[in-house]
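Data file: upload_10.cif. Format and content: mmCIF, C-alpha atoms.
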```cif
data_run
#
loop_
_atom_site.label_atom_id
_atom_site.label_comp_id
_atom_site.auth_asym_id
_atom_site.auth_seq_id
_atom_site.Cartn_x
_atom_site.Cartn_y
_atom_site.Cartn_z
CA MET H 503 -39.87 -8.08 -15.14
CA ASN H 504 -36.96 -5.79 -15.89
CA ILE H 505 -36.86 -4.62 -12.29
CA PHE H 506 -36.87 -8.20 -11.10
CA ILE H 507 -33.97 -9.18 -13.37
CA SER H 508 -31.90 -6.18 -12.34
CA PHE H 509 -32.68 -6.99 -8.70
CA VAL H 510 -31.40 -10.56 -9.10
CA LEU H 511 -28.34 -9.43 -11.07
CA ALA H 512 -27.52 -6.85 -8.41
CA ILE H 513 -27.71 -9.54 -5.73
CA ILE H 514 -25.45 -11.93 -7.65
CA SER H 515 -22.93 -9.28 -8.57
CA SER H 516 -22.57 -8.00 -5.02
CA MET H 517 -22.47 -11.58 -3.75
CA LEU H 518 -19.83 -13.07 -6.02
CA ILE H 519 -18.16 -10.60 -8.34
CA ASP H 520 -17.69 -7.76 -5.88
CA ASN H 521 -17.52 -10.03 -2.86
CA VAL H 522 -17.72 -8.27 0.45
CA VAL H 523 -14.71 -9.93 2.08
CA LEU H 524 -12.42 -10.77 -0.78
CA SER H 525 -12.66 -7.69 -2.94
CA ARG H 526 -14.25 -4.94 -0.83
CA PHE H 527 -12.43 -5.93 2.40
CA TYR H 528 -15.34 -5.48 4.79
CA GLY H 529 -15.58 -7.75 7.79
CA ILE H 530 -12.07 -9.20 7.70
CA CYS H 531 -11.94 -9.41 11.52
CA PRO H 532 -14.76 -11.98 11.92
CA PHE H 533 -13.62 -13.61 8.67
CA LEU H 534 -10.28 -14.40 10.31
CA GLY H 535 -11.45 -14.63 13.90
CA VAL H 536 -14.55 -16.81 13.74
CA SER H 537 -13.62 -19.23 10.98
CA ARG H 538 -11.83 -21.97 12.88
CA LYS H 539 -14.94 -24.16 13.10
CA VAL H 540 -17.63 -24.67 10.46
CA ASN H 541 -20.47 -24.45 12.98
CA SER H 542 -19.43 -21.16 14.53
CA SER H 543 -18.79 -19.57 11.14
CA LEU H 544 -22.26 -20.67 10.01
CA GLY H 545 -23.80 -19.08 13.11
CA MET H 546 -21.86 -15.87 12.61
CA GLY H 547 -22.78 -15.75 8.91
CA ILE H 548 -26.50 -16.19 9.54
CA ALA H 549 -26.50 -13.56 12.28
CA VAL H 550 -24.73 -11.13 9.93
CA VAL H 551 -27.27 -11.75 7.14
CA PHE H 552 -30.02 -10.94 9.62
CA VAL H 553 -28.47 -7.75 10.93
CA ILE H 554 -27.28 -6.35 7.58
CA ILE H 555 -30.71 -6.68 5.97
CA LEU H 556 -32.49 -5.23 9.02
CA ALA H 557 -29.98 -2.38 9.28
CA THR H 558 -30.47 -1.47 5.63
CA LEU H 559 -34.26 -1.59 6.01
CA ILE H 560 -33.97 0.98 8.80
CA CYS H 561 -30.97 3.09 7.78
CA TRP H 562 -32.06 3.92 4.23
CA PRO H 563 -35.43 5.48 5.23
CA LEU H 564 -33.75 7.09 8.22
CA TYR H 565 -31.24 8.85 5.98
CA ASN H 566 -33.63 9.87 3.22
CA TYR H 567 -36.71 10.78 5.25
CA VAL H 568 -35.24 12.03 8.52
CA LEU H 569 -31.62 13.12 8.25
CA VAL H 570 -31.77 14.80 4.84
CA PRO H 571 -34.99 16.79 5.44
CA ALA H 572 -33.69 17.83 8.85
CA GLY H 573 -30.45 19.05 7.25
CA ILE H 574 -28.18 16.87 9.36
CA ALA H 575 -27.05 14.42 6.69
CA PHE H 576 -23.49 14.74 7.99
CA MET H 577 -24.56 12.89 11.14
CA ASP H 578 -25.13 9.70 9.12
CA THR H 579 -22.25 7.70 10.61
CA VAL H 580 -23.31 8.45 14.19
CA ALA H 581 -26.95 7.61 13.42
CA TYR H 582 -26.08 4.36 11.63
CA ILE H 583 -23.83 3.05 14.35
CA LEU H 584 -26.51 3.73 16.96
CA VAL H 585 -29.14 1.99 14.82
CA ILE H 586 -26.85 -1.00 14.31
CA ALA H 587 -25.93 -1.28 17.98
CA SER H 588 -29.57 -1.20 19.01
CA ILE H 589 -30.60 -3.68 16.30
CA VAL H 590 -27.97 -6.08 17.54
CA GLN H 591 -29.25 -5.68 21.10
CA LEU H 592 -32.87 -6.15 20.04
CA VAL H 593 -32.16 -9.14 17.84
CA GLY H 594 -30.29 -10.67 20.76
CA LEU H 595 -33.21 -10.13 23.13
CA PHE H 596 -35.73 -11.37 20.56
CA ILE H 597 -33.85 -14.58 19.82
CA LYS H 598 -33.25 -15.16 23.52
CA LYS H 599 -36.98 -14.97 24.21
CA TYR H 600 -38.31 -17.01 21.31
CA SER H 601 -35.59 -19.49 20.52
CA PRO H 602 -33.22 -20.18 23.39
CA SER H 603 -31.48 -22.93 21.45
CA LEU H 604 -30.66 -20.58 18.56
CA TYR H 605 -29.55 -17.99 21.09
CA LYS H 606 -27.16 -20.46 22.60
CA SER H 607 -25.47 -21.05 19.26
CA LEU H 608 -25.57 -17.41 18.07
CA GLY H 609 -25.34 -15.63 21.40
CA ILE H 610 -21.63 -15.02 21.66
CA TYR H 611 -21.38 -13.72 18.07
CA LEU H 612 -24.13 -11.14 18.39
CA PRO H 613 -22.11 -8.46 20.22
CA LEU H 614 -19.30 -8.94 17.71
CA ILE H 615 -21.59 -7.89 14.86
CA THR H 616 -21.72 -4.28 16.05
CA THR H 617 -18.04 -3.94 15.25
CA ASN H 618 -18.29 -5.85 11.98
CA CYS H 619 -17.42 -3.32 9.32
CA ALA H 620 -19.62 -5.09 6.78
CA VAL H 621 -22.78 -3.85 8.50
CA LEU H 622 -21.80 -0.20 8.75
CA GLY H 623 -20.01 -0.40 5.41
CA VAL H 624 -23.11 -1.54 3.56
CA ALA H 625 -25.37 1.04 5.22
CA GLN H 626 -22.86 3.80 4.55
CA SER H 627 -22.05 2.91 0.96
CA ASN H 628 -25.75 2.52 0.10
CA THR H 629 -26.46 6.13 0.97
CA ASP H 630 -23.04 7.45 -0.17
CA GLN H 631 -23.67 6.08 -3.65
CA GLY H 632 -27.27 7.30 -3.61
CA LEU H 633 -28.80 3.92 -4.41
CA THR H 634 -32.57 3.49 -4.58
CA PHE H 635 -34.33 1.59 -1.81
CA LEU H 636 -34.70 -1.55 -3.94
CA ASN H 637 -31.06 -1.49 -5.00
CA SER H 638 -30.01 -0.95 -1.39
CA ILE H 639 -31.87 -4.06 -0.35
CA ALA H 640 -30.38 -6.01 -3.24
CA ASN H 641 -26.94 -4.80 -2.21
CA ALA H 642 -27.58 -5.75 1.43
CA MET H 643 -28.86 -9.21 0.52
CA GLY H 644 -26.06 -9.92 -1.92
CA THR H 645 -23.38 -8.63 0.42
CA SER H 646 -24.60 -10.55 3.45
CA ILE H 647 -25.18 -13.81 1.57
CA GLY H 648 -21.76 -13.39 -0.01
CA PHE H 649 -20.29 -13.01 3.47
CA LEU H 650 -22.07 -16.17 4.66
CA LEU H 651 -20.88 -18.09 1.60
CA ILE H 652 -17.26 -17.03 1.91
CA ILE H 653 -16.94 -17.45 5.68
CA VAL H 654 -18.40 -20.98 5.56
CA THR H 655 -16.21 -21.99 2.61
CA PHE H 656 -13.18 -20.50 4.30
CA SER H 657 -13.86 -22.33 7.57
CA CYS H 658 -14.09 -25.63 5.66
CA ILE H 659 -10.66 -24.88 4.17
CA ARG H 660 -9.23 -23.93 7.56
CA VAL H 661 -10.37 -27.18 9.14
CA ARG H 662 -8.34 -29.00 6.49
CA LEU H 663 -5.40 -26.64 6.97
CA GLU H 664 -5.19 -27.47 10.67
CA SER H 665 -4.25 -31.05 9.92
CA SER H 666 -2.09 -30.38 6.89
CA ASN H 667 1.67 -30.15 6.97
CA THR H 668 2.58 -26.49 6.54
CA PRO H 669 5.92 -24.81 7.27
CA LYS H 670 6.12 -23.90 10.94
CA ALA H 671 6.18 -20.15 10.41
CA PHE H 672 3.09 -20.32 8.21
CA LYS H 673 1.01 -22.31 10.72
CA GLY H 674 -2.32 -20.77 11.62
CA LEU H 675 -3.14 -17.33 10.29
CA PRO H 676 -0.47 -16.77 7.60
CA ILE H 677 -1.39 -19.83 5.55
CA ALA H 678 -5.08 -18.99 5.99
CA LEU H 679 -4.40 -15.57 4.50
CA ILE H 680 -2.60 -17.13 1.54
CA CYS H 681 -5.67 -19.34 1.02
CA ALA H 682 -7.88 -16.26 1.15
CA ALA H 683 -5.69 -14.76 -1.56
CA LEU H 684 -6.24 -17.83 -3.74
CA MET H 685 -9.99 -17.54 -3.16
CA ALA H 686 -9.84 -13.89 -4.18
CA ILE H 687 -8.03 -14.85 -7.39
CA ALA H 688 -10.75 -17.42 -8.10
CA LEU H 689 -13.43 -14.76 -7.74
CA VAL H 690 -11.57 -12.41 -10.08
CA GLY H 691 -12.36 -14.97 -12.77
CA LEU H 692 -16.03 -14.03 -12.52
CA GLN H 693 -15.38 -10.38 -13.31
CA GLY H 694 -17.22 -9.07 -16.33
CA LEU H 695 -19.81 -11.86 -16.14
CA PHE H 696 -22.72 -9.48 -16.68
CA SER H 697 -20.96 -6.92 -18.83
CA GLY H 698 -22.74 -8.19 -21.95
CA ILE H 699 -26.22 -7.93 -20.46
CA LYS H 700 -27.99 -4.65 -21.16
CA LEU H 701 -31.01 -3.66 -19.14
CA MET L 1163 -0.50 4.06 42.26
CA LYS L 1164 3.26 4.28 42.16
CA ARG L 1165 4.85 4.88 38.78
CA GLU L 1166 7.89 2.89 37.89
CA LYS L 1167 10.73 4.68 36.17
CA GLY L 1168 10.55 4.87 32.39
CA TYR L 1169 6.88 3.91 32.31
CA THR L 1170 5.99 6.59 29.78
CA LYS L 1171 8.65 5.42 27.34
CA LYS L 1172 7.60 1.80 27.73
CA ASN L 1173 3.96 2.77 27.35
CA PHE L 1174 4.75 4.60 24.12
CA LEU L 1175 6.95 1.89 22.61
CA LYS L 1176 4.66 -1.05 23.37
CA GLY L 1177 2.20 0.05 20.70
CA ILE L 1178 4.90 0.14 18.07
CA ILE L 1179 6.58 -3.23 18.60
CA ALA L 1180 5.53 -5.54 21.43
CA GLU L 1181 1.77 -4.98 21.13
CA ASN L 1182 1.56 -3.72 17.55
CA PRO L 1183 -2.19 -3.56 16.88
CA LEU L 1184 -2.00 -4.92 13.34
CA PHE L 1185 0.81 -7.47 13.32
CA VAL L 1186 0.61 -8.80 16.88
CA SER L 1187 -3.00 -8.34 17.97
CA ILE L 1188 -4.40 -8.76 14.39
CA LEU L 1189 -6.88 -5.91 14.85
CA GLY L 1190 -8.01 -3.36 12.31
CA THR L 1191 -7.35 -5.64 9.37
CA CYS L 1192 -10.02 -4.22 7.05
CA PRO L 1193 -8.44 -0.81 6.37
CA ALA L 1194 -4.99 -2.43 6.46
CA LEU L 1195 -5.95 -4.53 3.43
CA ALA L 1196 -8.16 -2.02 1.67
CA THR L 1197 -6.17 1.20 1.84
CA THR L 1198 -2.64 -0.08 1.25
CA LYS L 1199 -2.66 0.04 -2.53
CA THR L 1200 -0.40 3.10 -2.51
CA ILE L 1201 1.88 4.48 0.18
CA GLU L 1202 0.13 7.82 0.08
CA ALA L 1203 -3.30 6.38 0.78
CA ALA L 1204 -1.90 4.28 3.61
CA LEU L 1205 -0.18 7.33 5.10
CA GLY L 1206 -3.42 9.29 4.90
CA MET L 1207 -5.35 6.48 6.54
CA GLY L 1208 -2.74 6.17 9.27
CA ILE L 1209 -2.86 9.89 10.04
CA LEU L 1210 -6.66 10.02 10.18
CA PHE L 1211 -6.73 6.88 12.31
CA THR L 1212 -4.15 8.27 14.74
CA ILE L 1213 -6.05 11.55 15.11
CA VAL L 1214 -9.32 9.75 15.88
CA LEU L 1215 -7.59 7.36 18.29
CA ILE L 1216 -5.84 10.15 20.22
CA CYS L 1217 -8.92 12.38 20.44
CA SER L 1218 -11.26 9.60 21.54
CA SER L 1219 -8.77 8.16 24.03
CA VAL L 1220 -8.23 11.55 25.65
CA LEU L 1221 -11.96 12.28 25.86
CA VAL L 1222 -12.81 8.82 27.21
CA SER L 1223 -10.08 9.20 29.79
CA LEU L 1224 -11.40 12.65 30.79
CA LEU L 1225 -14.92 11.28 31.17
CA ARG L 1226 -13.93 8.00 32.78
CA LYS L 1227 -15.48 8.95 36.14
CA VAL L 1228 -18.68 10.33 34.57
CA ILE L 1229 -19.60 7.42 32.27
CA SER L 1230 -21.20 4.64 34.26
CA GLU L 1231 -20.29 1.02 33.81
CA GLU L 1232 -23.51 -0.15 32.13
CA ILE L 1233 -23.64 2.35 29.28
CA ARG L 1234 -19.94 2.65 28.58
CA THR L 1235 -19.79 0.79 25.25
CA PRO L 1236 -22.55 2.85 23.55
CA ALA L 1237 -21.05 6.01 25.03
CA TYR L 1238 -17.61 5.17 23.64
CA ILE L 1239 -19.08 4.39 20.25
CA VAL L 1240 -20.84 7.75 20.11
CA ILE L 1241 -17.65 9.57 21.14
CA ILE L 1242 -15.66 7.76 18.46
CA ALA L 1243 -18.34 8.30 15.80
CA THR L 1244 -18.40 12.02 16.56
CA PHE L 1245 -14.64 12.35 16.07
CA VAL L 1246 -14.82 10.28 12.89
CA THR L 1247 -17.50 12.61 11.53
CA ILE L 1248 -15.36 15.66 12.33
CA VAL L 1249 -12.29 14.10 10.71
CA LYS L 1250 -14.37 13.09 7.69
CA MET L 1251 -15.65 16.63 7.16
CA PHE L 1252 -12.14 18.10 7.52
CA THR L 1253 -10.76 15.59 5.01
CA ASN L 1254 -13.54 16.37 2.57
CA ALA L 1255 -12.80 20.07 2.85
CA PHE L 1256 -9.01 20.12 2.78
CA LEU L 1257 -7.90 16.84 1.14
CA PRO L 1258 -10.71 15.91 -1.25
CA GLU L 1259 -8.42 13.55 -3.14
CA LEU L 1260 -7.78 11.53 0.04
CA PHE L 1261 -11.50 11.58 0.83
CA SER L 1262 -12.41 10.00 -2.50
CA THR L 1263 -9.55 7.48 -2.37
CA LEU L 1264 -10.39 6.16 1.09
CA GLY L 1265 -14.14 6.48 0.54
CA VAL L 1266 -16.23 4.57 3.02
CA PHE L 1267 -13.18 3.46 4.98
CA ILE L 1268 -13.01 6.83 6.75
CA SER L 1269 -16.44 6.13 8.23
CA LEU L 1270 -15.36 2.62 9.05
CA ILE L 1271 -12.79 3.90 11.56
CA VAL L 1272 -15.82 3.91 13.89
CA VAL L 1273 -15.96 0.12 13.92
CA ASN L 1274 -12.20 -0.34 13.95
CA CYS L 1275 -11.67 -2.65 16.90
CA ILE L 1276 -8.43 -0.89 17.92
CA VAL L 1277 -10.12 2.41 18.79
CA LEU L 1278 -12.87 0.82 20.87
CA GLY L 1279 -10.39 -1.66 22.31
CA ARG L 1280 -8.01 1.05 23.54
CA ALA L 1281 -10.92 3.06 24.97
CA GLU L 1282 -12.20 0.02 26.81
CA ALA L 1283 -8.92 -1.55 27.88
CA TYR L 1284 -6.73 1.47 28.57
CA ALA L 1285 -8.28 4.94 28.46
CA SER L 1286 -11.18 4.05 30.75
CA LYS L 1287 -8.76 3.07 33.51
CA ASN L 1288 -5.85 5.48 33.19
CA ASN L 1289 -5.23 9.21 33.41
CA VAL L 1290 -5.28 11.59 30.47
CA PHE L 1291 -1.54 11.82 29.90
CA ASP L 1292 -0.99 8.06 29.93
CA SER L 1293 -3.97 7.55 27.61
CA PHE L 1294 -2.58 10.15 25.23
CA ILE L 1295 0.82 8.44 25.13
CA ASP L 1296 -0.79 5.04 24.71
CA ALA L 1297 -2.98 6.27 21.84
CA LEU L 1298 -0.01 7.98 20.18
CA GLY L 1299 2.06 4.80 20.35
CA MET L 1300 -0.75 2.60 19.08
CA GLY L 1301 -1.57 5.03 16.28
CA LEU L 1302 2.06 5.27 15.20
CA GLY L 1303 2.43 1.50 15.38
CA TYR L 1304 -0.61 1.02 13.19
CA THR L 1305 0.54 3.68 10.73
CA LEU L 1306 3.99 2.11 10.42
CA ALA L 1307 2.42 -1.32 9.97
CA ILE L 1308 0.12 -0.28 7.12
CA LEU L 1309 2.93 1.78 5.58
CA SER L 1310 5.15 -1.29 5.46
CA MET L 1311 2.35 -3.24 3.75
CA ALA L 1312 1.78 -0.43 1.27
CA LEU L 1313 5.51 -0.23 0.54
CA PHE L 1314 5.60 -3.87 -0.60
CA ARG L 1315 2.33 -3.59 -2.49
CA GLU L 1316 3.20 -0.42 -4.37
CA ILE L 1317 6.78 -1.36 -5.25
CA LEU L 1318 5.95 -4.92 -6.32
CA GLY L 1319 2.67 -3.94 -7.96
CA THR L 1320 3.68 -0.90 -9.98
CA GLY L 1321 7.47 -0.99 -9.69
CA ALA L 1322 7.59 2.58 -8.47
CA ILE L 1323 6.98 4.86 -5.53
CA SER L 1324 5.00 7.98 -6.32
CA PHE L 1325 4.06 10.90 -4.14
CA GLY L 1326 2.07 14.07 -4.59
CA LYS L 1327 -1.19 12.75 -6.00
CA ILE L 1328 -3.20 12.84 -2.78
CA PHE L 1329 -1.17 15.30 -0.75
CA TYR L 1330 -1.32 17.91 -3.49
CA PHE L 1331 0.91 20.39 -1.66
CA ILE L 1332 3.91 18.09 -2.17
CA PRO L 1333 5.43 18.38 -5.65
CA TYR L 1334 4.69 15.22 -7.62
CA PHE L 1335 7.54 12.79 -7.97
CA LYS L 1336 7.87 9.20 -9.08
CA LEU L 1337 10.76 6.88 -8.35
CA GLN L 1338 10.91 3.85 -10.64
CA ILE L 1339 12.62 0.99 -8.79
CA ILE L 1340 11.68 -2.01 -10.89
CA PRO L 1341 11.19 -1.61 -14.67
CA LYS L 1342 7.49 -1.28 -15.37
CA ASN L 1343 7.35 -4.45 -17.48
CA TYR L 1344 8.51 -6.54 -14.53
CA ALA L 1345 5.92 -5.24 -12.05
CA LEU L 1346 3.45 -7.84 -10.78
CA SER L 1347 0.05 -6.23 -10.97
CA ILE L 1348 -1.45 -8.89 -8.70
CA PHE L 1349 -0.04 -6.99 -5.73
CA GLN L 1350 -2.33 -4.10 -6.60
CA ASN L 1351 -5.33 -6.46 -6.58
CA PRO L 1352 -7.15 -7.70 -3.45
CA ALA L 1353 -5.36 -11.06 -3.68
CA GLY L 1354 -2.00 -9.32 -3.36
CA ALA L 1355 -3.10 -7.64 -0.14
CA PHE L 1356 -3.85 -11.01 1.42
CA ILE L 1357 -0.54 -12.46 0.22
CA VAL L 1358 1.52 -9.53 1.56
CA PHE L 1359 -0.26 -9.65 4.92
CA GLY L 1360 0.15 -13.42 5.17
CA VAL L 1361 3.84 -13.34 4.32
CA ILE L 1362 4.55 -10.51 6.79
CA LEU L 1363 2.77 -12.46 9.54
CA ALA L 1364 4.77 -15.56 8.59
CA VAL L 1365 8.05 -13.64 8.82
CA ILE L 1366 7.07 -12.31 12.25
CA ALA L 1367 6.12 -15.84 13.37
CA PHE L 1368 9.47 -17.10 12.04
CA ILE L 1369 11.40 -14.52 14.04
CA THR L 1370 9.46 -15.12 17.26
CA ASN L 1371 9.84 -18.90 16.82
CA ARG L 1372 13.58 -18.47 16.41
CA LYS L 1373 13.75 -16.32 19.53
CA LYS L 1374 11.77 -18.86 21.53
CA GLU L 1375 13.96 -21.70 20.28
CA TYR L 1376 17.08 -19.77 21.19
CA GLN L 1377 15.74 -19.09 24.67
CA ALA L 1378 14.80 -22.74 25.08
CA TYR L 1379 18.30 -23.67 23.94
CA LEU L 1380 19.83 -21.31 26.51
CA ALA L 1381 17.61 -22.74 29.24
CA ARG L 1382 18.65 -26.27 28.27
CA GLN L 1383 22.35 -25.34 28.36
CA GLU L 1384 21.86 -23.78 31.78
CA LYS L 1385 20.16 -26.94 33.04
CA ILE L 1386 22.96 -29.16 31.74
CA ARG L 1387 25.57 -26.92 33.33
CA LYS L 1388 23.75 -27.01 36.67
CA ALA L 1389 23.37 -30.79 36.51
CA GLU L 1390 27.10 -31.14 35.84
CA GLU L 1391 27.92 -28.86 38.73
CA ALA L 1392 25.68 -30.87 41.02
CA LYS L 1393 27.37 -34.04 39.84
CA LYS L 1394 30.80 -32.55 40.52
CA LEU L 1395 29.69 -31.48 43.96
CA ALA L 1396 28.33 -34.93 44.70
CA ALA L 1397 31.57 -36.50 43.47
CA GLN L 1398 33.55 -34.11 45.64
CA LYS L 1399 31.45 -35.00 48.65
CA VAL L 1400 31.93 -38.71 48.01
CA ALA L 1401 35.66 -38.14 47.66
CA GLU L 1402 35.71 -36.14 50.89
CA GLY L 1403 33.73 -38.88 52.63
CA GLY L 1404 36.33 -41.42 51.43
CA ASN L 1405 39.14 -39.31 52.80
CA LYS L 1406 37.59 -39.35 56.22
#
```
If you convert what's in this file into structure tokens, what do you get?
Amino acid sequence: MNIFISFVLAIISSMLIDNVVLSRFYGICPFLGVSRKVNSSLGMGIAVVFVIILATLICWPLYNYVLVPAGIAFMDTVAYILVIASIVQLVGLFIKKYSPSLYKSLGIYLPLITTNCAVLGVAQSNTDQGLTFLNSIANAMGTSIGFLLIIVTFSCIRVRLESSNTPKAFKGLPIALICAALMAIALVGLQGLFSGIKL
Amino acid sequence: MKREKGYTKKNFLKGIIAENPLFVSILGTCPALATTKTIEAALGMGILFTIVLICSSVLVSLLRKVISEEIRTPAYIVIIATFVTIVKMFTNAFLPELFSTLGVFISLIVVNCIVLGRAEAYASKNNVFDSFIDALGMGLGYTLAILSMALFREILGTGAISFGKIFYFIPYFKLQIIPKNYALSIFQNPAGAFIVFGVILAVIAFITNRKKEYQAYLARQEKIRKAEEAKKLAAQKVAEGGNK
């Protein structure tokens, strides 16, 4: 039971309190680039959830059972980026074969995921911090769902911003960044939510 | 291919102003927001980034005839990841303070879109010297851009500029610009990073809008002048016709 509770708490804390985009700054490029429409941001978010969890499932054992025993732990970044690039390729092929309609909506975002820092960032920080396998998965799930949540919320705000009357110089990206700052302030309010809970 | 005069200079300067990777192309935003808490960290990030960019651009340019079209993206990624690993190990050995401050963001240079973008768009098509100059300009442009962000964030957030914590060989000094009680600590938080970036982009948009408006104004004036001239000419012709 204790493990289960700590698992859930780890997910929530990496999802909201230490949000991937707004406080750890991973994946800002897709966050700004693919958030003009709600649909495309939803597609991107789901694809990222998929790839981050898969990448963690492969990278953690790869590091602990292959790279460390072989004495080449310093090659972790090279290994991870290769794993991620091939996962993205495979996921693309798999979806194309079994669900062409999903592929049509996700297709163009799949290659972009390779260069999404959230994927490599999660894999790298999991092993850098020496997390256990279960905690790594919790971190991956929380991070990716947090990314999905924030990018969809942000795209809803941006759709409204398009039609609102902003100063000319702030049109487009600048005002979106100010909105992201306000979202970050809102999430700061959740800090220390679990500090009273002892496990 | 014939080289126009002054190409090298133009090639170098374009990365700093006209095609600044951060402020104009909006690439490489993650480290720009994450490592600009202090000027020192931003400077360290900029230097590491520039080294990786130059090394990978030169190597990609050297190998541009060997790497075939189909496998070029994975090949570039491996080249970049190798240089990042080398840089990471050097940083860990010689500047451990910088290594712990930047943390995972040193590894994340691999997925920085600027490095891959320059390899793909420039180094794979041009010779070694041009690629080197291009990478140097882009790297310097990026470094200056994140330094300017860090300048605002550190001065507004802590009220001071300090040096010597990360680069331990420089004697430590601290220059208090704003009294400490008036510093706005929000600029040290993630929210402040977004605000500073947004405001800088807005200022750049303001300047470019002004320039465009001025040019449009000049074009309009020119048009009016030409129309008046044409009118005068027509009037002259009519007058001449009357004389006949």
(message) Using only C-alpha atoms, can you tell me which of H:Tyr582, H:Phe506, H:Phe696, H:Tyr605 comes closest to H:Tyr565?
(response) H:Tyr582
(request) May I ask which of the residues L:Leu1195, L:Val1246, L:Ile1323, L:Val1290 is the closest one to L:Gly1354, counting only C-alpha atoms? (result) L:Leu1195
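The residue that comes closest to L:Val1277, out of L:Leu1346, L:Ile1213, L:Val1358, L:Leu1318 and on the basis of only C-alpha atoms, is L:Ile1213.
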(request) Let me know the residues the PyMOL selection byres ((chain L) within 6 of (chain H)) catches in the file above, as a ChimeraX atom specification. (result) /L:1192,1196,1243,1273,1352-1353,1356-1357,1360,1363-1364,1367-1368
(request) Name all residues at most 8 Å from L:Ala1285 (count all atoms listed in the file; drop same-chain ones fewer than 4 positions away) and give them as a PyMOL selection string. (result) chain L and resi 1219-1220+1222-1223+1226+1280-1281+1289-1290+1293
(request) Could you tell me which residues the PyMOL selection byres ((chain H and resi 562) around 8) returns for this structure, as a PyMOL selection string? (result) chain H and resi 558-561+563-566+625+628-629+635+638
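Residue nearest H:Ile555, chosen from H:Ile589, H:Leu651, H:Ile505, H:Cys658 and counting only C-alpha atoms: H:Ile589.
Distances here use all atoms listed in the file; by that measure, the residue among L:Tyr1376, L:Phe1245, L:Phe1331, L:Phe1349 closest to L:Ser1218 is L:Phe1245.
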(message) Expand the PyMOL selection byres ((chain H and resi 650) around 12) into the explicit residue set it covers here, and present it as number ranges by chain.
(response) H: 517-518, 521-523, 529, 532-533, 536-537, 540-552, 554, 620, 643-649, 651-657
Could the residues in this selection be saved with C-alpha atoms as a PDB file, in the frame of the given file?
```pdb
ATOM      1  CA  MET H 517     -22.470 -11.580  -3.750  1.00  0.00           C
ATOM      2  CA  LEU H 518     -19.830 -13.070  -6.020  1.00  0.00           C
ATOM      3  CA  ASN H 521     -17.520 -10.030  -2.860  1.00  0.00           C
ATOM      4  CA  VAL H 522     -17.720  -8.270   0.450  1.00  0.00           C
ATOM      5  CA  VAL H 523     -14.710  -9.930   2.080  1.00  0.00           C
ATOM      6  CA  GLY H 529     -15.580  -7.750   7.790  1.00  0.00           C
ATOM      7  CA  PRO H 532     -14.760 -11.980  11.920  1.00  0.00           C
ATOM      8  CA  PHE H 533     -13.620 -13.610   8.670  1.00  0.00           C
ATOM      9  CA  VAL H 536     -14.550 -16.810  13.740  1.00  0.00           C
ATOM     10  CA  SER H 537     -13.620 -19.230  10.980  1.00  0.00           C
ATOM     11  CA  VAL H 540     -17.630 -24.670  10.460  1.00  0.00           C
ATOM     12  CA  ASN H 541     -20.470 -24.450  12.980  1.00  0.00           C
ATOM     13  CA  SER H 542     -19.430 -21.160  14.530  1.00  0.00           C
ATOM     14  CA  SER H 543     -18.790 -19.570  11.140  1.00  0.00           C
ATOM     15  CA  LEU H 544     -22.260 -20.670  10.010  1.00  0.00           C
ATOM     16  CA  GLY H 545     -23.800 -19.080  13.110  1.00  0.00           C
ATOM     17  CA  MET H 546     -21.860 -15.870  12.610  1.00  0.00           C
ATOM     18  CA  GLY H 547     -22.780 -15.750   8.910  1.00  0.00           C
ATOM     19  CA  ILE H 548     -26.500 -16.190   9.540  1.00  0.00           C
ATOM     20  CA  ALA H 549     -26.500 -13.560  12.280  1.00  0.00           C
ATOM     21  CA  VAL H 550     -24.730 -11.130   9.930  1.00  0.00           C
ATOM     22  CA  VAL H 551     -27.270 -11.750   7.140  1.00  0.00           C
ATOM     23  CA  PHE H 552     -30.020 -10.940   9.620  1.00  0.00           C
ATOM     24  CA  ILE H 554     -27.280  -6.350   7.580  1.00  0.00           C
ATOM     25  CA  ALA H 620     -19.620  -5.090   6.780  1.00  0.00           C
ATOM     26  CA  MET H 643     -28.860  -9.210   0.520  1.00  0.00           C
ATOM     27  CA  GLY H 644     -26.060  -9.920  -1.920  1.00  0.00           C
ATOM     28  CA  THR H 645     -23.380  -8.630   0.420  1.00  0.00           C
ATOM     29  CA  SER H 646     -24.600 -10.550   3.450  1.00  0.00           C
ATOM     30  CA  ILE H 647     -25.180 -13.810   1.570  1.00  0.00           C
ATOM     31  CA  GLY H 648     -21.760 -13.390  -0.010  1.00  0.00           C
ATOM     32  CA  PHE H 649     -20.290 -13.010   3.470  1.00  0.00           C
ATOM     33  CA  LEU H 651     -20.880 -18.090   1.600  1.00  0.00           C
ATOM     34  CA  ILE H 652     -17.260 -17.030   1.910  1.00  0.00           C
ATOM     35  CA  ILE H 653     -16.940 -17.450   5.680  1.00  0.00           C
ATOM     36  CA  VAL H 654     -18.400 -20.980   5.560  1.00  0.00           C
ATOM     37  CA  THR H 655     -16.210 -21.990   2.610  1.00  0.00           C
ATOM     38  CA  PHE H 656     -13.180 -20.500   4.300  1.00  0.00           C
ATOM     39  CA  SER H 657     -13.860 -22.330   7.570  1.00  0.00           C
TER      40      SER H 657
END
```
(request) Mind giving me the straight-line distance from atom CA of L:Val1266 to atom CA of L:Thr1200 in Å, one decimal? (result) 16.8 Å
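Atom pair atom CA of L:Phe1325 / atom CA of L:Ala1203 has a distance of 9.9 Å (rounded to one decimal).
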